[in-house]
Every structure is written in C-alpha cells, then in structure tokens.
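Data file: entry_8.pdb. Format and content: PDB, C-alpha atoms.
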ATOM      1  CA  GLN A  43      11.487  80.912  -7.464  1.00  0.00           C
ATOM      2  CA  GLY A  44       9.873  81.171 -10.895  1.00  0.00           C
ATOM      3  CA  SER A  45       7.536  78.619 -12.325  1.00  0.00           C
ATOM      4  CA  ASP A  46       6.809  77.848 -15.941  1.00  0.00           C
ATOM      5  CA  HIS A  47       3.405  78.889 -17.216  1.00  0.00           C
ATOM      6  CA  ARG A  48       1.661  78.952 -20.555  1.00  0.00           C
ATOM      7  CA  ILE A  49      -0.593  81.659 -21.889  1.00  0.00           C
ATOM      8  CA  VAL A  50      -2.983  80.224 -24.453  1.00  0.00           C
ATOM      9  CA  VAL A  51      -4.821  82.501 -26.896  1.00  0.00           C
ATOM     10  CA  MET A  52      -8.161  80.941 -27.846  1.00  0.00           C
ATOM     11  CA  PRO A  53     -10.814  82.084 -30.320  1.00  0.00           C
ATOM     12  CA  TYR A  54     -14.197  83.043 -28.892  1.00  0.00           C
ATOM     13  CA  PRO A  55     -16.613  81.278 -28.456  1.00  0.00           C
ATOM     14  CA  SER A  56     -14.705  78.068 -29.302  1.00  0.00           C
ATOM     15  CA  GLY A  57     -12.031  76.487 -31.422  1.00  0.00           C
ATOM     16  CA  PRO A  58      -8.460  75.273 -31.211  1.00  0.00           C
ATOM     17  CA  PRO A  59      -5.760  77.466 -29.639  1.00  0.00           C
ATOM     18  CA  ILE A  60      -4.430  80.215 -31.899  1.00  0.00           C
ATOM     19  CA  LYS A  61      -1.158  80.632 -30.022  1.00  0.00           C
ATOM     20  CA  THR A  62       0.553  79.193 -26.940  1.00  0.00           C
ATOM     21  CA  LEU A  63       3.176  81.356 -25.229  1.00  0.00           C
ATOM     22  CA  GLU A  64       5.676  80.055 -22.664  1.00  0.00           C
ATOM     23  CA  VAL A  65       6.333  82.472 -19.808  1.00  0.00           C
ATOM     24  CA  SER A  66       8.127  82.233 -16.473  1.00  0.00           C
ATOM     25  CA  LEU A  67       6.136  84.098 -13.830  1.00  0.00           C
ATOM     26  CA  ASN A  68       7.452  84.997 -10.396  1.00  0.00           C
ATOM     27  CA  SER A  69       4.424  86.760  -8.935  1.00  0.00           C
ATOM     28  CA  ARG A  70       0.836  86.498  -7.838  1.00  0.00           C
ATOM     29  CA  ASP A  71      -1.893  86.472 -10.455  1.00  0.00           C
ATOM     30  CA  VAL A  72      -2.962  90.078 -11.054  1.00  0.00           C
ATOM     31  CA  GLY A  73      -4.424  89.423 -14.470  1.00  0.00           C
ATOM     32  CA  LEU A  74      -3.504  89.662 -18.110  1.00  0.00           C
ATOM     33  CA  GLY A  75      -4.248  92.328 -20.679  1.00  0.00           C
ATOM     34  CA  TRP A  76      -3.760  93.197 -24.336  1.00  0.00           C
ATOM     35  CA  THR A  77      -1.689  95.955 -25.876  1.00  0.00           C
ATOM     36  CA  ALA A  78      -3.658  98.523 -27.917  1.00  0.00           C
ATOM     37  CA  ASP A  79      -2.709  96.820 -31.198  1.00  0.00           C
ATOM     38  CA  SER A  80      -3.615  93.330 -29.841  1.00  0.00           C
ATOM     39  CA  LYS A  81      -0.161  92.074 -30.828  1.00  0.00           C
ATOM     40  CA  ALA A  82       1.050  91.384 -27.278  1.00  0.00           C
ATOM     41  CA  ILE A  83      -0.172  90.227 -23.877  1.00  0.00           C
ATOM     42  CA  THR A  84       0.563  92.375 -20.802  1.00  0.00           C
ATOM     43  CA  TYR A  85       1.132  90.911 -17.353  1.00  0.00           C
ATOM     44  CA  ALA A  86       2.762  91.703 -13.996  1.00  0.00           C
ATOM     45  CA  ASP A  87       5.908  89.837 -12.962  1.00  0.00           C
ATOM     46  CA  SER A  88       8.211  90.068  -9.949  1.00  0.00           C
ATOM     47  CA  HIS A  89      12.011  90.265 -10.056  1.00  0.00           C
ATOM     48  CA  ASP A  90      14.436  91.583  -7.431  1.00  0.00           C
ATOM     49  CA  ASP A  91      11.651  92.309  -4.867  1.00  0.00           C
ATOM     50  CA  ALA A  92       9.638  94.510  -7.252  1.00  0.00           C
ATOM     51  CA  ASP A  93       6.616  93.900  -9.482  1.00  0.00           C
ATOM     52  CA  ASN A  94       6.674  95.373 -12.985  1.00  0.00           C
ATOM     53  CA  ILE A  95       4.427  95.265 -16.042  1.00  0.00           C
ATOM     54  CA  TRP A  96       5.711  93.306 -19.033  1.00  0.00           C
ATOM     55  CA  SER A  97       4.557  92.940 -22.627  1.00  0.00           C
ATOM     56  CA  LEU A  98       4.869  89.536 -24.343  1.00  0.00           C
ATOM     57  CA  PRO A  99       4.497  89.731 -28.168  1.00  0.00           C
ATOM     58  CA  LEU A 100       2.418  87.043 -29.875  1.00  0.00           C
ATOM     59  CA  ASP A 101       5.050  86.748 -32.634  1.00  0.00           C
ATOM     60  CA  GLY A 102       7.412  84.967 -30.237  1.00  0.00           C
ATOM     61  CA  SER A 103       9.826  87.871 -29.651  1.00  0.00           C
ATOM     62  CA  PRO A 104      11.165  88.336 -26.123  1.00  0.00           C
ATOM     63  CA  ALA A 105       9.048  90.015 -23.442  1.00  0.00           C
ATOM     64  CA  LYS A 106       9.665  93.732 -22.848  1.00  0.00           C
ATOM     65  CA  GLN A 107       9.553  95.406 -19.433  1.00  0.00           C
ATOM     66  CA  LEU A 108       7.137  98.384 -19.549  1.00  0.00           C
ATOM     67  CA  THR A 109       7.607  99.758 -16.006  1.00  0.00           C
ATOM     68  CA  ASN A 110      10.741 100.130 -13.912  1.00  0.00           C
ATOM     69  CA  PHE A 111       9.732  99.939 -10.248  1.00  0.00           C
ATOM     70  CA  THR A 112      12.466  99.010  -7.776  1.00  0.00           C
ATOM     71  CA  SER A 113      10.156  97.934  -4.937  1.00  0.00           C
ATOM     72  CA  GLY A 114       6.547  97.145  -4.157  1.00  0.00           C
ATOM     73  CA  LEU A 115       3.759  94.908  -5.377  1.00  0.00           C
ATOM     74  CA  ILE A 116       1.274  95.491  -8.195  1.00  0.00           C
ATOM     75  CA  PHE A 117      -2.255  94.531  -7.170  1.00  0.00           C
ATOM     76  CA  SER A 118      -4.010  95.318 -10.462  1.00  0.00           C
ATOM     77  CA  PHE A 119      -3.375  97.215 -13.698  1.00  0.00           C
ATOM     78  CA  GLN A 120      -5.051  98.316 -16.921  1.00  0.00           C
ATOM     79  CA  MET A 121      -3.577  99.713 -20.138  1.00  0.00           C
ATOM     80  CA  SER A 122      -5.192 102.789 -21.702  1.00  0.00           C
ATOM     81  CA  PRO A 123      -6.963 102.190 -25.058  1.00  0.00           C
ATOM     82  CA  ASP A 124      -4.138 103.954 -26.942  1.00  0.00           C
ATOM     83  CA  GLY A 125      -1.475 101.947 -25.067  1.00  0.00           C
ATOM     84  CA  LYS A 126       0.369 105.064 -23.879  1.00  0.00           C
ATOM     85  CA  GLN A 127      -0.594 104.937 -20.198  1.00  0.00           C
ATOM     86  CA  ILE A 128      -0.984 102.329 -17.478  1.00  0.00           C
ATOM     87  CA  ALA A 129      -3.335 102.694 -14.510  1.00  0.00           C
ATOM     88  CA  LEU A 130      -2.266 100.496 -11.616  1.00  0.00           C
ATOM     89  CA  SER A 131      -2.605 100.005  -7.903  1.00  0.00           C
ATOM     90  CA  ARG A 132       0.566  99.113  -6.061  1.00  0.00           C
ATOM     91  CA  GLY A 133       1.999  99.061  -2.569  1.00  0.00           C
ATOM     92  CA  SER A 134       3.265  96.598  -0.021  1.00  0.00           C
ATOM     93  CA  GLN A 135       1.735  93.736   1.899  1.00  0.00           C
ATOM     94  CA  ILE A 136       2.603  92.964   5.494  1.00  0.00           C
ATOM     95  CA  ASP A 137       1.480  89.735   7.098  1.00  0.00           C
ATOM     96  CA  ASP A 138       1.515  89.302  10.858  1.00  0.00           C
ATOM     97  CA  VAL A 139       1.276  85.986  12.635  1.00  0.00           C
ATOM     98  CA  ILE A 140      -0.162  85.867  16.142  1.00  0.00           C
ATOM     99  CA  LEU A 141      -0.013  82.786  18.326  1.00  0.00           C
ATOM    100  CA  LEU A 142      -2.871  82.477  20.818  1.00  0.00           C
ATOM    101  CA  ARG A 143      -2.646  79.945  23.631  1.00  0.00           C
ATOM    102  CA  ASP A 144      -5.178  78.838  26.138  1.00  0.00           C
ATOM    103  CA  SER A 145      -3.945  80.096  29.539  1.00  0.00           C
ATOM    104  CA  GLU A 146      -5.665  77.397  31.592  1.00  0.00           C
TER     105      GLU A 146
END
Hey, can you dump this file as structure tokens for me?
Amino acid sequence: QGSDHRIVVMPYPSGPPIKTLEVSLNSRDVGLGWTADSKAITYADSHDDADNIWSLPLDGSPAKQLTNFTSGLIFSFQMSPDGKQIALSRGSQIDDVILLRDSE
C-alpha cells in the first residue's frame, strides 16, 4: 500500500522551499540522490515485489524508472558523478519469528 510523501528542496543553509514534489512511495527509506545535472531527484521505490531506482524531475514531469529489477530489495544506492552508472546493494530479507515459552 503506497503512501503519499513530499520531497522538499530547500536552499542551504536556510530559506524558503525552492520546490515541493509529490511522490507516492511504496518502500523503505533507502535515501535520496541527485542526477548528475541536478535536475532530478533519485529514489528507490517498490512495485510488484521488486525495488527499482526512479528519477523524479524538478520540472514536474513524471518520474522515470531507471532500473528494471523483477525481484529483490534495494538497501542503498549511489549514482556515478556522470549519471551513467548506479552502484547499489540489493538482495532479500527474511524475518523469522520464534515463540519461546516457559516450560514450568
């Protein structure tokens, strides 16, 4: 189930927001990044049981999917300075639940 989020671009060190972007995220927070030209924000999002990297332009155009994984989770990622490569760590996460009872 997706939830609505906002990405706010702020000037450093202070000032009013430059841009507010609406985005629907379906995954854990693995961070945000910039494209090489600083015209879009990159983020990981989950659809159909797979995490992929997306690029959301600041000009308001629709987000573009940059990777095409069909399974697995992305734990972290980083774009190369020229924007032509993505380094990422991905895999799966298995959670076990164990019930312990006092045998007295």
**Asked** If you count all atoms listed in the file, which residues fall within 10 Å of Trp96 of chain A, apart from same-chain ones fewer than 2 positions away, as a PyMOL selection string?
**Response** chain A and resi 74+82-88+93-94+98-99+105-110
Output of the above residues as a PDB file, in the coordinates of the input, restricted to C-alpha atoms:
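Okay, selection_4.pdb is ready:
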ATOM      1  CA  LEU A  74      -3.504  89.662 -18.110  1.00  0.00           C
ATOM      2  CA  ALA A  82       1.050  91.384 -27.278  1.00  0.00           C
ATOM      3  CA  ILE A  83      -0.172  90.227 -23.877  1.00  0.00           C
ATOM      4  CA  THR A  84       0.563  92.375 -20.802  1.00  0.00           C
ATOM      5  CA  TYR A  85       1.132  90.911 -17.353  1.00  0.00           C
ATOM      6  CA  ALA A  86       2.762  91.703 -13.996  1.00  0.00           C
ATOM      7  CA  ASP A  87       5.908  89.837 -12.962  1.00  0.00           C
ATOM      8  CA  SER A  88       8.211  90.068  -9.949  1.00  0.00           C
ATOM      9  CA  ASP A  93       6.616  93.900  -9.482  1.00  0.00           C
ATOM     10  CA  ASN A  94       6.674  95.373 -12.985  1.00  0.00           C
ATOM     11  CA  LEU A  98       4.869  89.536 -24.343  1.00  0.00           C
ATOM     12  CA  PRO A  99       4.497  89.731 -28.168  1.00  0.00           C
ATOM     13  CA  ALA A 105       9.048  90.015 -23.442  1.00  0.00           C
ATOM     14  CA  LYS A 106       9.665  93.732 -22.848  1.00  0.00           C
ATOM     15  CA  GLN A 107       9.553  95.406 -19.433  1.00  0.00           C
ATOM     16  CA  LEU A 108       7.137  98.384 -19.549  1.00  0.00           C
ATOM     17  CA  THR A 109       7.607  99.758 -16.006  1.00  0.00           C
ATOM     18  CA  ASN A 110      10.741 100.130 -13.912  1.00  0.00           C
TER      19      ASN A 110
END
Which residues are close to segment 118-125 of chain A, i.e. within 7 Å by all atoms listed in the file, leaving aside same-chain residues fewer than 3 positions away? Reply as a PDB file with C-alpha atoms, in the coordinates of the input.
ATOM      1  CA  VAL A  72      -2.962  90.078 -11.054  1.00  0.00           C
ATOM      2  CA  THR A  77      -1.689  95.955 -25.876  1.00  0.00           C
ATOM      3  CA  ALA A  78      -3.658  98.523 -27.917  1.00  0.00           C
ATOM      4  CA  ILE A 128      -0.984 102.329 -17.478  1.00  0.00           C
ATOM      5  CA  ALA A 129      -3.335 102.694 -14.510  1.00  0.00           C
ATOM      6  CA  LEU A 130      -2.266 100.496 -11.616  1.00  0.00           C
ATOM      7  CA  SER A 131      -2.605 100.005  -7.903  1.00  0.00           C
TER       8      SER A 131
END
Work out how far atom CA of Gly102 of chain A is from atom CA of Leu63 of chain A, in Å to one decimal.
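So the two atoms, atom CA of Leu63 of chain A and atom CA of Gly102 of chain A, lie 7.5 Å apart.
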Polymer residues at most 12 Å from segment 53-60 of chain A, all atoms listed in the file, same-chain spacing of 5 or more positions, as a PDB file with C-alpha atoms, keeping the file's coordinate frame:
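Generated output (selection-v9.pdb):
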ATOM      1  CA  ARG A  48       1.661  78.952 -20.555  1.00  0.00           C
ATOM      2  CA  LEU A 100       2.418  87.043 -29.875  1.00  0.00           C
ATOM      3  CA  ASP A 101       5.050  86.748 -32.634  1.00  0.00           C
TER       4      ASP A 101
END
What separates atom CA of His89 of chain A and atom CA of Phe111 of chain A is a distance of 9.9 Å
Problem - Output of the PyMOL selection byres ((chain A and resi 114) around 10), listed as JSON, numbers by chain - result: {"A": [88, 91, 92, 93, 94, 111, 112, 113, 115, 116, 117, 132, 133, 134, 135]}
query = Any idea what the distance is between atom CA of Asp90 of chain A and atom CA of Asp137 of chain A?
reply =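 Separating atom CA of Asp90 of chain A from atom CA of Asp137 of chain A is a distance of 19.6 Å.
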Neighbours of Val65 of chain A within 8 Å (all atoms listed in the file; same-chain residues fewer than 5 positions away dropped), as a PDB file with C-alpha atoms, in the coordinates of the input?
ATOM      1  CA  ASP A  46       6.809  77.848 -15.941  1.00  0.00           C
ATOM      2  CA  HIS A  47       3.405  78.889 -17.216  1.00  0.00           C
ATOM      3  CA  ARG A  48       1.661  78.952 -20.555  1.00  0.00           C
ATOM      4  CA  ILE A  49      -0.593  81.659 -21.889  1.00  0.00           C
TER       5      ILE A  49
END
- request: Would you kindly return, as a list in words, each protein, DNA or RNA residue with an atom no farther than 8 Å from any atom of Lys61 of chain A, considering all atoms listed in the file and excluding same-chain residues fewer than 4 positions away?
  value: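 Once the nearby chain positions are removed, what remains is Val50, Val51, Met52 and Leu100 of chain A.
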